[in-house]
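See structure below.
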Amino acid sequence: MILGIDTSLGTTVAVVESDGVVRSQLESADPRGHAEVIGSLISRALAEASITPDAITHVAAGMGPGPFTGLRVGIAAARAFALGRGIPVIPVVSHDAVALERMLHDALTGGFDDAADGPLAVVTDARRREFAYTVYQGIDDDGLPVRVAEPALSLRDDLDALLAARGIERVDAERIPAAMLALAAARALAAGREIATEEALYLRSPDVTLSSGPKRVTQ
Amino acid sequence: MNRTEPLVLGIETSCDETGIGIVRGRTLLSNTIASSMDEHARYGGVVPEVAARAHLEALEPTIRAALAEASVTLADIDAVAVTSGPGLAGALMVGVGAAKALAVSLGRPLYAVNHLVGHIAADILDADAPALEYPTVALLVSGGHTSLLLVRDLTTDVEMLGETMDDAAGEAFDKVARLLGLPYPGGPQIDRVAASGDPNAIPFPRGLSRASDMATHRYDFSFSGLKTAVARWVEQRAAAGEPVPVADVAASFREAVVDVLVTKALAACRDHDVPRLLLGGGVIANRRLREVALERAEAAGVTVRIPPLSLCTDNGAMIAALAAELIMSGRPPSTLAFGADSTLPVTEIQVAEDAEAVA
Ligand SMILES: [Zn+2]
């Protein structure tokens with residue numbers, strides 16, 4: 001049983017069986033307040049799945065991209081939960097969950113048109129007049145979305161032109177489905193693959209400028 | 001839950017130290033700290049985002065190291081404790097997120113507590129000291145805070161008498177060190193060069209100490225005016241083409257800080273008829289501050305308590321110690337519904353206490 005946790009946009013938590021059956025999925029859309037809700041959401045997700053913490057075998061952690069402050073809450077929680085149970089953390093690129101959801105949806109609903117096979121970009125708000133986006137094309141034999149370009153930032157005004165030039169469909173995500181995050185982790189696990197590193201995908205350096213020296217106080 | 005000698009793991013991430021402490025009742029088992037201080041050195045002060053990133057990476061290895069040192073496993077832990085505030089919001093959130101998930105995964109109660117009150121609780125872990133007597137005045141001085149508290153009871157009654165209106169004392173040390181061309185952190189550097197200086201060479205101002213200030217800010221502090229005065233003095237010297245007597249400047253600056261801290265702390269003792277003063281916070285490592293406090297307190301008939309310096313700087317053991325006191329006094333745990341509160345008032349010793357829970 002896999003616990004999925006993501007705080008790269010709002011806060012989403014899910015419990016998914018290793019074969020993909022979703023036992024519970026909860027979310028708080030508040031783009032802030034991750035630290036407030038994370039404990040209750042994990043607790044309720046376990047309760048709604050009718051399991052105790054010891055039934056969890058792996059924790060899937062959404063590694064972003066996402067605004068720093070919130071993103072870290074989920075990663076910290078995922079690592080701490082896993083530490084408490086002595087189980088592994090499986091890092092997952094948060095956008096993978098959106099891509100997987102979209103591709104599963106297309107598979108179920110036909111997806112006959114050519115567009116469904118073309119590249120798509122999962123796009124999320126990165127604040128400061130930028131979007132974070134990741135480009136995918138199709139699903140591989142392990143059932144995982146194929147990332148053809150790693151997460152990156154683009155100025156909001158530039159993104160449409162950038163995607164259009166390469167014939168990439170834009171998929172805006174308002175939420176990261178934690179069940180899909182856990183499913184991606186389950187599939188990676190089944191295939192014996194690592195699909196993300198343990199690094200949080202901040203995509204930006206901390207905002208610090210090296211001062212050139214003390215400011216003068218006398219004119 | 002074991003309420004007689006609870007085994008508590010405390011998580012502290014309010015500033016630049018990732019502190020994990022483990023206590024059994026009032027016995028310290030581990031005080032493990034990972035500091036990101038070196039990463040801040042080139043910026044001359046704590047950079048909140050750098051600190052928060054460092055917490056995320058340091059938490060797990062620091063918890064493991066603390067468990068190993070205490071020779072306990074997470075399954076043994078009776079309760080998890082965490083700092084809810086005050087402190088840097090983004091940094092606090094890392095600890096809060098981790099503590100909640102750890103408590104849920106272990107199925108153990110969680111105690112969310114106040115960082116400043118934690119500094120007072122550090123004193124309890126000093127096995128060699130006699131029991132803490134109430135009431136006591138507490139002076140907490142660090143790079144993040146400068147507070148004067150009246151503690152009537154550690155778990156139920158702590159009053160804020162005064163605090164800094166601008167920079168924390170530790171920040172003032174860092175800033176003055178920088179303008180004297182000394183590296184970060186400034187406290188030990190100022191101390192080092194001040195050793196050969198004359199503390200009375202330059203009469204730097206004592207913030208909020210005039211009669212008119214004392215009416216409204218009797219126990220409050222202000223260090224930004226002092227910092228500016230030092231900068232102006234140094235610039236005028238340099239402009240006149242004269243060498244800057246760094247040792248005298250450092251010693252005189254330090255004396256101004258120490259003087260105002262000790263004067264106000266002892267005034268609080270006198271006004272409240274409390275012959276006890278507890279010192280805490282990282283700046284207590286400053287030798288001159290301890291010297292002056294001990295000397296002038298003795299003359300005033302005030303007993304000074306100073307926890308071991310390893311427990312004065314920010315740490316998780318003090319957070320665990322405070323939670324252990326709450327548990328031993330029968331208090332229910334916190335609910336999971338709290339966040340990081342960067343301005344948490346000191347009167348909120350425990351956050352989100354669960355009124356429904358049966359103690
Ligand atoms: Zn502190």
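By convention in this document, the chains of the structure tokens carry letters A, B, ... by their order, each chain's residues are numbered from 1, and ligands are numbered from 1 in the order they are shown.
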
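Listed by chain and then by rising number, the residues of segment 120-175 of chain B that DSSP assigns to strand (DSSP E or B) from the backbone are Thr136, Val137, Ala138, Leu139, Leu140, Val141, Thr146, Ser147, Leu148, Leu149, Leu150, Val151, Arg152, Asp153, Asp157, Val158, Glu159, Met160, Leu161, Gly162, Glu163 and Thr164 of chain B.
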
Practice item. Just need the residues of chain A within 8 Å of chain B, counting only C-alpha atoms, so spit them out as a VMD selection string. Key: chain A and resid 33 35 to 40 42 to 43 53 to 54 69 72 to 85 206 to 211 213 to 214 216 to 218

**Study point:** Within-12 Å residues of ligand 1, basis only C-alpha atoms and all ligand atoms, as an NGL selection string
**Key:** :B and (12-19 or 83 or 85-88 or 114-122 or 139-147 or 168-170 or 279-284 or 311-316 or 318-319)

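If you measure from each of A:Asp142, A:Asp160, A:Asp6, A:Asp172 to Ala61 of chain A using only C-alpha atoms, the closest one turns out to be A:Asp6.
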
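With only C-alpha atoms as the atoms that count, the minimum distance from Ala132 of chain A to the choices A:Ile195, A:Val171, A:Ala188, A:Val148 is reached by A:Val171.
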
Exercise for review: With a distance cut-off of 10 Å and only C-alpha atoms, select the neighbouring residues of Ala66 of chain B, excluding the residue or stretch itself and same-chain residues fewer than 3 positions from it, and output the selection as a list in words.
Suggested key: Leu9, Gly19, Ile20, Gly21, Ile22, Leu29, Ser30, Asn31, Thr32, Ile33, Glu60, Pro61, Thr62, Ile63, Glu69, Ala70, Ser71, Val72, Thr73 and Gly316 of chain B

Just to be explicit: take each residue in the selection above, keep N, CA and C atoms, and write the result as an mmCIF file, in the first residue's frame.
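In the end it all went to part_23.cif:
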data_model
loop_
_atom_site.group_PDB
_atom_site.id
_atom_site.type_symbol
_atom_site.label_atom_id
_atom_site.label_comp_id
_atom_site.auth_asym_id
_atom_site.auth_seq_id
_atom_site.Cartn_x
_atom_site.Cartn_y
_atom_site.Cartn_z
ATOM 1 N N LEU B 9 10.770 13.026 21.613
ATOM 2 C CA LEU B 9 11.673 13.490 20.560
ATOM 3 C C LEU B 9 11.223 14.887 20.140
ATOM 4 N N GLY B 19 17.556 21.188 14.945
ATOM 5 C CA GLY B 19 17.832 20.593 16.247
ATOM 6 C C GLY B 19 16.910 19.428 16.535
ATOM 7 N N ILE B 20 17.493 18.283 16.860
ATOM 8 C CA ILE B 20 16.711 17.127 17.290
ATOM 9 C C ILE B 20 17.176 16.762 18.690
ATOM 10 N N GLY B 21 16.235 16.742 19.616
ATOM 11 C CA GLY B 21 16.574 16.391 20.988
ATOM 12 C C GLY B 21 15.750 15.220 21.454
ATOM 13 N N ILE B 22 16.331 14.408 22.309
ATOM 14 C CA ILE B 22 15.576 13.310 22.903
ATOM 15 C C ILE B 22 15.770 13.386 24.415
ATOM 16 N N LEU B 29 18.961 12.819 26.709
ATOM 17 C CA LEU B 29 19.585 11.649 26.080
ATOM 18 C C LEU B 29 20.347 12.040 24.826
ATOM 19 N N SER B 30 19.858 13.036 24.107
ATOM 20 C CA SER B 30 20.589 13.513 22.929
ATOM 21 C C SER B 30 20.211 14.949 22.602
ATOM 22 N N ASN B 31 21.211 15.713 22.234
ATOM 23 C CA ASN B 31 21.008 17.081 21.753
ATOM 24 C C ASN B 31 21.818 17.190 20.459
ATOM 25 N N THR B 32 21.177 16.816 19.348
ATOM 26 C CA THR B 32 21.880 16.733 18.068
ATOM 27 C C THR B 32 21.498 17.924 17.187
ATOM 28 N N ILE B 33 22.508 18.593 16.655
ATOM 29 C CA ILE B 33 22.255 19.808 15.884
ATOM 30 C C ILE B 33 23.005 19.776 14.556
ATOM 31 N N GLU B 60 16.230 14.288 8.331
ATOM 32 C CA GLU B 60 16.271 12.832 8.484
ATOM 33 C C GLU B 60 17.600 12.357 9.079
ATOM 34 N N PRO B 61 18.757 12.779 8.510
ATOM 35 C CA PRO B 61 20.014 12.331 9.122
ATOM 36 C C PRO B 61 20.173 12.792 10.567
ATOM 37 N N THR B 62 19.644 13.956 10.905
ATOM 38 C CA THR B 62 19.784 14.438 12.281
ATOM 39 C C THR B 62 18.919 13.621 13.237
ATOM 40 N N ILE B 63 17.719 13.266 12.789
ATOM 41 C CA ILE B 63 16.869 12.395 13.625
ATOM 42 C C ILE B 63 17.566 11.053 13.836
ATOM 43 N N GLU B 69 22.453 8.239 19.167
ATOM 44 C CA GLU B 69 23.138 8.723 20.372
ATOM 45 C C GLU B 69 22.363 8.367 21.638
ATOM 46 N N ALA B 70 21.037 8.456 21.551
ATOM 47 C CA ALA B 70 20.205 8.164 22.727
ATOM 48 C C ALA B 70 20.006 6.669 22.925
ATOM 49 N N SER B 71 20.443 5.874 21.963
ATOM 50 C CA SER B 71 20.244 4.416 21.988
ATOM 51 C C SER B 71 18.765 4.049 22.165
ATOM 52 N N VAL B 72 17.918 4.728 21.408
ATOM 53 C CA VAL B 72 16.494 4.373 21.395
ATOM 54 C C VAL B 72 16.042 4.265 19.942
ATOM 55 N N THR B 73 14.889 3.647 19.735
ATOM 56 C CA THR B 73 14.326 3.598 18.388
ATOM 57 C C THR B 73 13.053 4.440 18.378
ATOM 58 N N GLY B 316 16.802 21.063 19.790
ATOM 59 C CA GLY B 316 15.571 20.272 19.900
ATOM 60 C C GLY B 316 15.351 19.723 21.298
#

Taking only residues of segment 112-219 of chain A that have an atom at most 7 Å from an atom of segment 9-13 of chain A, what is each one's shortest atom pair and its distance in Å to one decimal, using only C-alpha atoms, in chain and number order, as JSON lines?
{"residue": "A:Arg175", "atom": "CA", "partner": "A:Leu9", "partner_atom": "CA", "distance": 6.2}
{"residue": "A:Ile176", "atom": "CA", "partner": "A:Leu9", "partner_atom": "CA", "distance": 6.9}
{"residue": "A:Pro177", "atom": "CA", "partner": "A:Thr12", "partner_atom": "CA", "distance": 6.7}
{"residue": "A:Ala178", "atom": "CA", "partner": "A:Val13", "partner_atom": "CA", "distance": 5.3}

Could those residues be written to a file, using C-alpha atoms, as a JSON list (two decimals), in the first residue's frame?
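Just written: result17.json:
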[["chain", "number", "residue", "atom", "x", "y", "z"],
["A", 175, "ARG", "CA", -3.98, 20.26, -8.66],
["A", 176, "ILE", "CA", -1.57, 17.35, -8.43],
["A", 177, "PRO", "CA", -3.54, 14.09, -8.07],
["A", 178, "ALA", "CA", -1.80, 12.24, -5.22]]

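In this model, the gap between atom CA of Val262 of chain B and atom CA of Met37 of chain B comes to 27.3 Å.
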